[in-house]
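Notes follow once the structure below has been shown.
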Amino acid sequence: MDIELPDPIRRADPGDWRKLADITAEAFAEDPVNNWLFGSQAAIRASFRALARDIYIREGFCHLAGDDGATMWLGPGQSGDMGAIATARFALAQLIHGSIGGLKRAMHAGEIMADHHPREPHCYLFTIGTRQSARGKGLGKTLLAPVLQACDAQAIPCYLENSNPDNHGFYAHHGFARKEIFACGEGGPPLEAMWREPQ
């Protein structure tokens with residue numbers, strides 16, 4: 001995709017996976033779904049490190065705003081399948097930093113999300129987040145806008161799963177509408193699937 005990035009946003013390089021993940025983990029520290037799945041900040045961070053390194057930097061496209069904000073995306077046609085080696089590394093990270101229960105919940109949640117994932121071509125926003133010290137400064141909008149503008153120009157819809165009800169207004173303001181709500185696992189908090197048509 002042809003995406004014009006304004007300062008201070010830049011495309012993440014392969015070596016940025018740890019920074020990308022650690023910003024995201026801090027942003028999701030109080031996220032209901034991630035806390036239910038993993039149970040600790042160390043396990044949340046380990047999860048995002050594995051996913052950033054093995055899927056989103058490798059197959060998708062990721063953006064950084066200095067050390068303050070980050071996004072992880074998959075473009076149309078990019079599957080995000082982990083494969084055997086990435087799955088094994090994800091599992092090992094959870095066993096070291098989390099628990100077997102968290103690993104089982106995360107793997108099951110991944111299956112549920114895949115079942116609900118739209119089949120038509122789209123851009124998938126996996127994560128967007130900022131450091132706590134950077135909140136309230138419009139950085140989320142700055143991170144999101146270039147991709148939405150590119151999607152509008154190329155007539156590509158966007159999809160995300162909102163894991164925190166507090167963020168519904170932010171996504172709705174940027175054109176995302178609720179598609180459905182589904183539980184991330186038995187007894188788990190809901191995920192709000194949201195879809196954005198090109199504008």
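If you're wondering about the labels, chains in the structure tokens are A, B, ... by order shown, residues count from 1 in each chain, ligands from 1 in order shown.
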Exercise: A:His63 partners within 7 Å, only C-alpha atoms, chain neighbours under 6 positions left out, as JSON, numbers by chain | {"A": [9, 10, 11, 12, 70, 71, 72]}
Take the selection from the previous step and output its residues with all heavy atoms, as a PDB file, in the first residue's frame.
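What follows is the written file selection.pdb:
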ATOM      1  N   ILE A   9       5.687  10.088  12.469  1.00  0.00           N
ATOM      2  CA  ILE A   9       5.360   8.685  12.218  1.00  0.00           C
ATOM      3  C   ILE A   9       6.332   8.112  11.180  1.00  0.00           C
ATOM      4  O   ILE A   9       6.637   8.759  10.179  1.00  0.00           O
ATOM      5  CB  ILE A   9       3.919   8.532  11.692  1.00  0.00           C
ATOM      6  CG1 ILE A   9       2.926   9.318  12.567  1.00  0.00           C
ATOM      7  CG2 ILE A   9       3.519   7.065  11.623  1.00  0.00           C
ATOM      8  CD1 ILE A   9       2.913   8.941  14.013  1.00  0.00           C
ATOM      9  N   ARG A  10       6.796   6.896  11.431  1.00  0.00           N
ATOM     10  CA  ARG A  10       7.632   6.192  10.463  1.00  0.00           C
ATOM     11  C   ARG A  10       7.250   4.717  10.448  1.00  0.00           C
ATOM     12  O   ARG A  10       6.663   4.202  11.404  1.00  0.00           O
ATOM     13  CB  ARG A  10       9.121   6.332  10.795  1.00  0.00           C
ATOM     14  CG  ARG A  10       9.558   5.602  12.059  1.00  0.00           C
ATOM     15  CD  ARG A  10      11.075   5.632  12.216  1.00  0.00           C
ATOM     16  NE  ARG A  10      11.524   4.994  13.445  1.00  0.00           N
ATOM     17  CZ  ARG A  10      11.766   3.686  13.566  1.00  0.00           C
ATOM     18  NH1 ARG A  10      11.592   2.863  12.536  1.00  0.00           N
ATOM     19  NH2 ARG A  10      12.177   3.182  14.724  1.00  0.00           N
ATOM     20  N   ARG A  11       7.590   4.059   9.356  1.00  0.00           N
ATOM     21  CA  ARG A  11       7.355   2.622   9.260  1.00  0.00           C
ATOM     22  C   ARG A  11       8.385   1.895  10.121  1.00  0.00           C
ATOM     23  O   ARG A  11       9.576   2.226  10.106  1.00  0.00           O
ATOM     24  CB  ARG A  11       7.446   2.151   7.814  1.00  0.00           C
ATOM     25  CG  ARG A  11       7.095   0.682   7.681  1.00  0.00           C
ATOM     26  CD  ARG A  11       6.634   0.332   6.300  1.00  0.00           C
ATOM     27  NE  ARG A  11       6.261  -1.076   6.239  1.00  0.00           N
ATOM     28  CZ  ARG A  11       5.529  -1.610   5.286  1.00  0.00           C
ATOM     29  NH1 ARG A  11       5.053  -0.845   4.320  1.00  0.00           N
ATOM     30  NH2 ARG A  11       5.247  -2.893   5.280  1.00  0.00           N
ATOM     31  N   ALA A  12       7.919   0.912  10.886  1.00  0.00           N
ATOM     32  CA  ALA A  12       8.821   0.148  11.740  1.00  0.00           C
ATOM     33  C   ALA A  12       9.694  -0.767  10.894  1.00  0.00           C
ATOM     34  O   ALA A  12       9.232  -1.391   9.944  1.00  0.00           O
ATOM     35  CB  ALA A  12       8.016  -0.670  12.748  1.00  0.00           C
ATOM     36  N   ALA A  70       2.387   3.297  18.632  1.00  0.00           N
ATOM     37  CA  ALA A  70       2.640   2.226  17.668  1.00  0.00           C
ATOM     38  C   ALA A  70       1.332   1.664  17.129  1.00  0.00           C
ATOM     39  O   ALA A  70       0.305   1.681  17.813  1.00  0.00           O
ATOM     40  CB  ALA A  70       3.446   1.106  18.330  1.00  0.00           C
ATOM     41  N   THR A  71       1.402   1.158  15.894  1.00  0.00           N
ATOM     42  CA  THR A  71       0.290   0.412  15.310  1.00  0.00           C
ATOM     43  C   THR A  71       0.826  -0.845  14.643  1.00  0.00           C
ATOM     44  O   THR A  71       1.984  -0.890  14.202  1.00  0.00           O
ATOM     45  CB  THR A  71      -0.464   1.221  14.231  1.00  0.00           C
ATOM     46  OG1 THR A  71       0.454   1.564  13.180  1.00  0.00           O
ATOM     47  CG2 THR A  71      -1.082   2.476  14.797  1.00  0.00           C
ATOM     48  N   MET A  72      -0.047  -1.861  14.557  1.00  0.00           N
ATOM     49  CA  MET A  72       0.262  -3.087  13.824  1.00  0.00           C
ATOM     50  C   MET A  72      -0.921  -3.394  12.913  1.00  0.00           C
ATOM     51  O   MET A  72      -2.061  -3.459  13.367  1.00  0.00           O
ATOM     52  CB  MET A  72       0.493  -4.257  14.777  1.00  0.00           C
ATOM     53  CG  MET A  72       1.768  -4.159  15.597  1.00  0.00           C
ATOM     54  SD  MET A  72       2.115  -5.684  16.511  1.00  0.00           S
ATOM     55  CE  MET A  72       1.820  -5.147  18.197  1.00  0.00           C
TER      56      MET A  72
END
Could you name the residues that touch A:Met1 at 12 Å or less, counting only C-alpha atoms, but leaving out those on the same chain fewer than 5 positions away, as a PyMOL selection string?
-> chain A and resi 60-61+73-78+122-123+146-156
Which neighbours of stretch 172-188 of chain A fall inside 10 Å, counting only C-alpha atoms, when residues of the same chain fewer than 6 positions from it are skipped, and could you give them as a PyMOL selection string?
-> chain A and resi 32-34+36-37+105-113+116+141+144-145+148+157-163+194-199
Among stretch 48-141 of chain A, which residues carry a DSSP assignment of strand (DSSP E), reported as a PDB file with all heavy atoms, in the first residue's frame?
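The resulting file, result-v2.pdb, is reproduced below:
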ATOM      1  N   PHE A  61       2.353  -4.412   8.148  1.00  0.00           N
ATOM      2  CA  PHE A  61       3.080  -3.143   8.215  1.00  0.00           C
ATOM      3  C   PHE A  61       2.769  -2.498   9.552  1.00  0.00           C
ATOM      4  O   PHE A  61       1.649  -2.560  10.059  1.00  0.00           O
ATOM      5  CB  PHE A  61       2.756  -2.226   7.032  1.00  0.00           C
ATOM      6  CG  PHE A  61       1.296  -1.883   6.870  1.00  0.00           C
ATOM      7  CD1 PHE A  61       0.774  -0.714   7.405  1.00  0.00           C
ATOM      8  CD2 PHE A  61       0.449  -2.728   6.161  1.00  0.00           C
ATOM      9  CE1 PHE A  61      -0.564  -0.386   7.239  1.00  0.00           C
ATOM     10  CE2 PHE A  61      -0.890  -2.407   5.984  1.00  0.00           C
ATOM     11  CZ  PHE A  61      -1.399  -1.242   6.534  1.00  0.00           C
ATOM     12  N   CYS A  62       3.806  -1.927  10.145  1.00  0.00           N
ATOM     13  CA  CYS A  62       3.708  -1.361  11.489  1.00  0.00           C
ATOM     14  C   CYS A  62       4.290   0.049  11.476  1.00  0.00           C
ATOM     15  O   CYS A  62       5.242   0.324  10.737  1.00  0.00           O
ATOM     16  CB  CYS A  62       4.489  -2.219  12.481  1.00  0.00           C
ATOM     17  SG  CYS A  62       3.988  -3.955  12.493  1.00  0.00           S
ATOM     18  N   HIS A  63       3.720   0.914  12.305  1.00  0.00           N
ATOM     19  CA  HIS A  63       4.175   2.299  12.376  1.00  0.00           C
ATOM     20  C   HIS A  63       4.540   2.653  13.806  1.00  0.00           C
ATOM     21  O   HIS A  63       3.918   2.163  14.764  1.00  0.00           O
ATOM     22  CB  HIS A  63       3.090   3.244  11.866  1.00  0.00           C
ATOM     23  CG  HIS A  63       2.765   3.031  10.422  1.00  0.00           C
ATOM     24  ND1 HIS A  63       1.508   3.217   9.910  1.00  0.00           N
ATOM     25  CD2 HIS A  63       3.537   2.641   9.369  1.00  0.00           C
ATOM     26  CE1 HIS A  63       1.510   2.952   8.612  1.00  0.00           C
ATOM     27  NE2 HIS A  63       2.728   2.604   8.267  1.00  0.00           N
ATOM     28  N   LEU A  64       5.541   3.511  13.929  1.00  0.00           N
ATOM     29  CA  LEU A  64       5.993   4.015  15.225  1.00  0.00           C
ATOM     30  C   LEU A  64       5.972   5.537  15.220  1.00  0.00           C
ATOM     31  O   LEU A  64       6.289   6.165  14.206  1.00  0.00           O
ATOM     32  CB  LEU A  64       7.416   3.548  15.521  1.00  0.00           C
ATOM     33  CG  LEU A  64       7.604   2.073  15.871  1.00  0.00           C
ATOM     34  CD1 LEU A  64       9.083   1.705  15.802  1.00  0.00           C
ATOM     35  CD2 LEU A  64       7.041   1.780  17.261  1.00  0.00           C
ATOM     36  N   ALA A  65       5.615   6.092  16.367  1.00  0.00           N
ATOM     37  CA  ALA A  65       5.732   7.530  16.598  1.00  0.00           C
ATOM     38  C   ALA A  65       6.777   7.712  17.689  1.00  0.00           C
ATOM     39  O   ALA A  65       6.458   7.726  18.878  1.00  0.00           O
ATOM     40  CB  ALA A  65       4.399   8.122  17.021  1.00  0.00           C
ATOM     41  N   GLY A  69       4.173   5.879  20.466  1.00  0.00           N
ATOM     42  CA  GLY A  69       2.975   5.243  19.925  1.00  0.00           C
ATOM     43  C   GLY A  69       3.318   4.231  18.859  1.00  0.00           C
ATOM     44  O   GLY A  69       4.394   4.292  18.250  1.00  0.00           O
ATOM     45  N   ALA A  70       2.387   3.297  18.632  1.00  0.00           N
ATOM     46  CA  ALA A  70       2.640   2.226  17.668  1.00  0.00           C
ATOM     47  C   ALA A  70       1.332   1.664  17.129  1.00  0.00           C
ATOM     48  O   ALA A  70       0.305   1.681  17.813  1.00  0.00           O
ATOM     49  CB  ALA A  70       3.446   1.106  18.330  1.00  0.00           C
ATOM     50  N   THR A  71       1.402   1.158  15.894  1.00  0.00           N
ATOM     51  CA  THR A  71       0.290   0.412  15.310  1.00  0.00           C
ATOM     52  C   THR A  71       0.826  -0.845  14.643  1.00  0.00           C
ATOM     53  O   THR A  71       1.984  -0.890  14.202  1.00  0.00           O
ATOM     54  CB  THR A  71      -0.464   1.221  14.231  1.00  0.00           C
ATOM     55  OG1 THR A  71       0.454   1.564  13.180  1.00  0.00           O
ATOM     56  CG2 THR A  71      -1.082   2.476  14.797  1.00  0.00           C
ATOM     57  N   MET A  72      -0.047  -1.861  14.557  1.00  0.00           N
ATOM     58  CA  MET A  72       0.262  -3.087  13.824  1.00  0.00           C
ATOM     59  C   MET A  72      -0.921  -3.394  12.913  1.00  0.00           C
ATOM     60  O   MET A  72      -2.061  -3.459  13.367  1.00  0.00           O
ATOM     61  CB  MET A  72       0.493  -4.257  14.777  1.00  0.00           C
ATOM     62  CG  MET A  72       1.768  -4.159  15.597  1.00  0.00           C
ATOM     63  SD  MET A  72       2.115  -5.684  16.511  1.00  0.00           S
ATOM     64  CE  MET A  72       1.820  -5.147  18.197  1.00  0.00           C
ATOM     65  N   TRP A  73      -0.617  -3.580  11.614  1.00  0.00           N
ATOM     66  CA  TRP A  73      -1.633  -3.795  10.597  1.00  0.00           C
ATOM     67  C   TRP A  73      -1.308  -5.016   9.735  1.00  0.00           C
ATOM     68  O   TRP A  73      -0.138  -5.370   9.581  1.00  0.00           O
ATOM     69  CB  TRP A  73      -1.691  -2.614   9.631  1.00  0.00           C
ATOM     70  CG  TRP A  73      -2.183  -1.310  10.151  1.00  0.00           C
ATOM     71  CD1 TRP A  73      -1.459  -0.358  10.799  1.00  0.00           C
ATOM     72  CD2 TRP A  73      -3.510  -0.771  10.005  1.00  0.00           C
ATOM     73  NE1 TRP A  73      -2.248   0.738  11.075  1.00  0.00           N
ATOM     74  CE2 TRP A  73      -3.513   0.511  10.594  1.00  0.00           C
ATOM     75  CE3 TRP A  73      -4.684  -1.251   9.426  1.00  0.00           C
ATOM     76  CZ2 TRP A  73      -4.641   1.321  10.618  1.00  0.00           C
ATOM     77  CZ3 TRP A  73      -5.810  -0.450   9.452  1.00  0.00           C
ATOM     78  CH2 TRP A  73      -5.790   0.827  10.051  1.00  0.00           C
ATOM     79  N   LEU A  74      -2.339  -5.587   9.134  1.00  0.00           N
ATOM     80  CA  LEU A  74      -2.206  -6.493   7.999  1.00  0.00           C
ATOM     81  C   LEU A  74      -2.969  -5.873   6.839  1.00  0.00           C
ATOM     82  O   LEU A  74      -4.075  -5.364   7.028  1.00  0.00           O
ATOM     83  CB  LEU A  74      -2.794  -7.878   8.303  1.00  0.00           C
ATOM     84  CG  LEU A  74      -2.039  -8.752   9.310  1.00  0.00           C
ATOM     85  CD1 LEU A  74      -2.834 -10.014   9.594  1.00  0.00           C
ATOM     86  CD2 LEU A  74      -0.644  -9.098   8.807  1.00  0.00           C
ATOM     87  N   CYS A 123      -8.066  -3.976   5.201  1.00  0.00           N
ATOM     88  CA  CYS A 123      -6.924  -3.746   6.083  1.00  0.00           C
ATOM     89  C   CYS A 123      -7.374  -4.064   7.503  1.00  0.00           C
ATOM     90  O   CYS A 123      -8.453  -3.625   7.936  1.00  0.00           O
ATOM     91  CB  CYS A 123      -6.446  -2.299   6.001  1.00  0.00           C
ATOM     92  SG  CYS A 123      -5.269  -2.008   4.681  1.00  0.00           S
ATOM     93  N   TYR A 124      -6.549  -4.804   8.208  1.00  0.00           N
ATOM     94  CA  TYR A 124      -6.870  -5.238   9.570  1.00  0.00           C
ATOM     95  C   TYR A 124      -5.984  -4.494  10.563  1.00  0.00           C
ATOM     96  O   TYR A 124      -4.757  -4.620  10.536  1.00  0.00           O
ATOM     97  CB  TYR A 124      -6.657  -6.740   9.686  1.00  0.00           C
ATOM     98  CG  TYR A 124      -6.759  -7.299  11.089  1.00  0.00           C
ATOM     99  CD1 TYR A 124      -7.847  -7.000  11.904  1.00  0.00           C
ATOM    100  CD2 TYR A 124      -5.776  -8.133  11.592  1.00  0.00           C
ATOM    101  CE1 TYR A 124      -7.948  -7.528  13.184  1.00  0.00           C
ATOM    102  CE2 TYR A 124      -5.866  -8.671  12.856  1.00  0.00           C
ATOM    103  CZ  TYR A 124      -6.946  -8.364  13.656  1.00  0.00           C
ATOM    104  OH  TYR A 124      -7.043  -8.882  14.927  1.00  0.00           O
ATOM    105  N   LEU A 125      -6.611  -3.688  11.414  1.00  0.00           N
ATOM    106  CA  LEU A 125      -5.885  -2.995  12.477  1.00  0.00           C
ATOM    107  C   LEU A 125      -5.842  -3.916  13.691  1.00  0.00           C
ATOM    108  O   LEU A 125      -6.835  -4.061  14.402  1.00  0.00           O
ATOM    109  CB  LEU A 125      -6.575  -1.674  12.823  1.00  0.00           C
ATOM    110  CG  LEU A 125      -5.980  -0.886  13.998  1.00  0.00           C
ATOM    111  CD1 LEU A 125      -4.507  -0.549  13.766  1.00  0.00           C
ATOM    112  CD2 LEU A 125      -6.796   0.373  14.262  1.00  0.00           C
ATOM    113  N   PHE A 126      -4.697  -4.540  13.919  1.00  0.00           N
ATOM    114  CA  PHE A 126      -4.551  -5.433  15.064  1.00  0.00           C
ATOM    115  C   PHE A 126      -4.418  -4.634  16.358  1.00  0.00           C
ATOM    116  O   PHE A 126      -5.098  -4.914  17.341  1.00  0.00           O
ATOM    117  CB  PHE A 126      -3.342  -6.358  14.859  1.00  0.00           C
ATOM    118  CG  PHE A 126      -3.055  -7.250  16.035  1.00  0.00           C
ATOM    119  CD1 PHE A 126      -4.011  -8.128  16.514  1.00  0.00           C
ATOM    120  CD2 PHE A 126      -1.817  -7.208  16.661  1.00  0.00           C
ATOM    121  CE1 PHE A 126      -3.745  -8.944  17.609  1.00  0.00           C
ATOM    122  CE2 PHE A 126      -1.543  -8.023  17.747  1.00  0.00           C
ATOM    123  CZ  PHE A 126      -2.504  -8.887  18.222  1.00  0.00           C
ATOM    124  N   THR A 127      -3.539  -3.643  16.363  1.00  0.00           N
ATOM    125  CA  THR A 127      -3.368  -2.819  17.568  1.00  0.00           C
ATOM    126  C   THR A 127      -3.027  -1.381  17.196  1.00  0.00           C
ATOM    127  O   THR A 127      -2.387  -1.118  16.174  1.00  0.00           O
ATOM    128  CB  THR A 127      -2.217  -3.334  18.468  1.00  0.00           C
ATOM    129  OG1 THR A 127      -0.995  -3.301  17.727  1.00  0.00           O
ATOM    130  CG2 THR A 127      -2.491  -4.732  18.987  1.00  0.00           C
ATOM    131  N   ILE A 128      -3.454  -0.490  18.061  1.00  0.00           N
ATOM    132  CA  ILE A 128      -2.997   0.900  18.053  1.00  0.00           C
ATOM    133  C   ILE A 128      -2.912   1.311  19.514  1.00  0.00           C
ATOM    134  O   ILE A 128      -3.792   0.974  20.315  1.00  0.00           O
ATOM    135  CB  ILE A 128      -3.943   1.828  17.262  1.00  0.00           C
ATOM    136  CG1 ILE A 128      -3.421   3.273  17.279  1.00  0.00           C
ATOM    137  CG2 ILE A 128      -5.372   1.743  17.771  1.00  0.00           C
ATOM    138  CD1 ILE A 128      -4.160   4.210  16.343  1.00  0.00           C
ATOM    139  N   GLY A 129      -1.827   1.980  19.888  1.00  0.00           N
ATOM    140  CA  GLY A 129      -1.697   2.372  21.287  1.00  0.00           C
ATOM    141  C   GLY A 129      -0.564   3.347  21.503  1.00  0.00           C
ATOM    142  O   GLY A 129       0.332   3.497  20.662  1.00  0.00           O
ATOM    143  N   THR A 130      -0.609   4.011  22.648  1.00  0.00           N
ATOM    144  CA  THR A 130       0.424   4.973  23.027  1.00  0.00           C
ATOM    145  C   THR A 130       0.888   4.702  24.451  1.00  0.00           C
ATOM    146  O   THR A 130       0.189   4.066  25.247  1.00  0.00           O
ATOM    147  CB  THR A 130      -0.100   6.418  22.951  1.00  0.00           C
ATOM    148  OG1 THR A 130      -1.139   6.604  23.919  1.00  0.00           O
ATOM    149  CG2 THR A 130      -0.611   6.749  21.563  1.00  0.00           C
TER     150      THR A 130
END
May I have all residues of stretch 10-149 of chain A that DSSP, computed from the backbone, assigns to alpha helix (DSSP H), given as a ChimeraX atom specification?
-> /A:17-27,32-38,41-51,83-97,100-116,139-149
With only C-alpha atoms as the atoms that count, which of A:Pro14, A:Gly80, A:Gly102, A:Gly66 lies nearest to A:Ser40?
-> A:Gly102
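The shortest atom-to-atom distance to A:Asn35, with only C-alpha atoms taken into account, belongs to A:Pro189 out of A:Asp16, A:Ser79, A:Pro121, A:Pro189.
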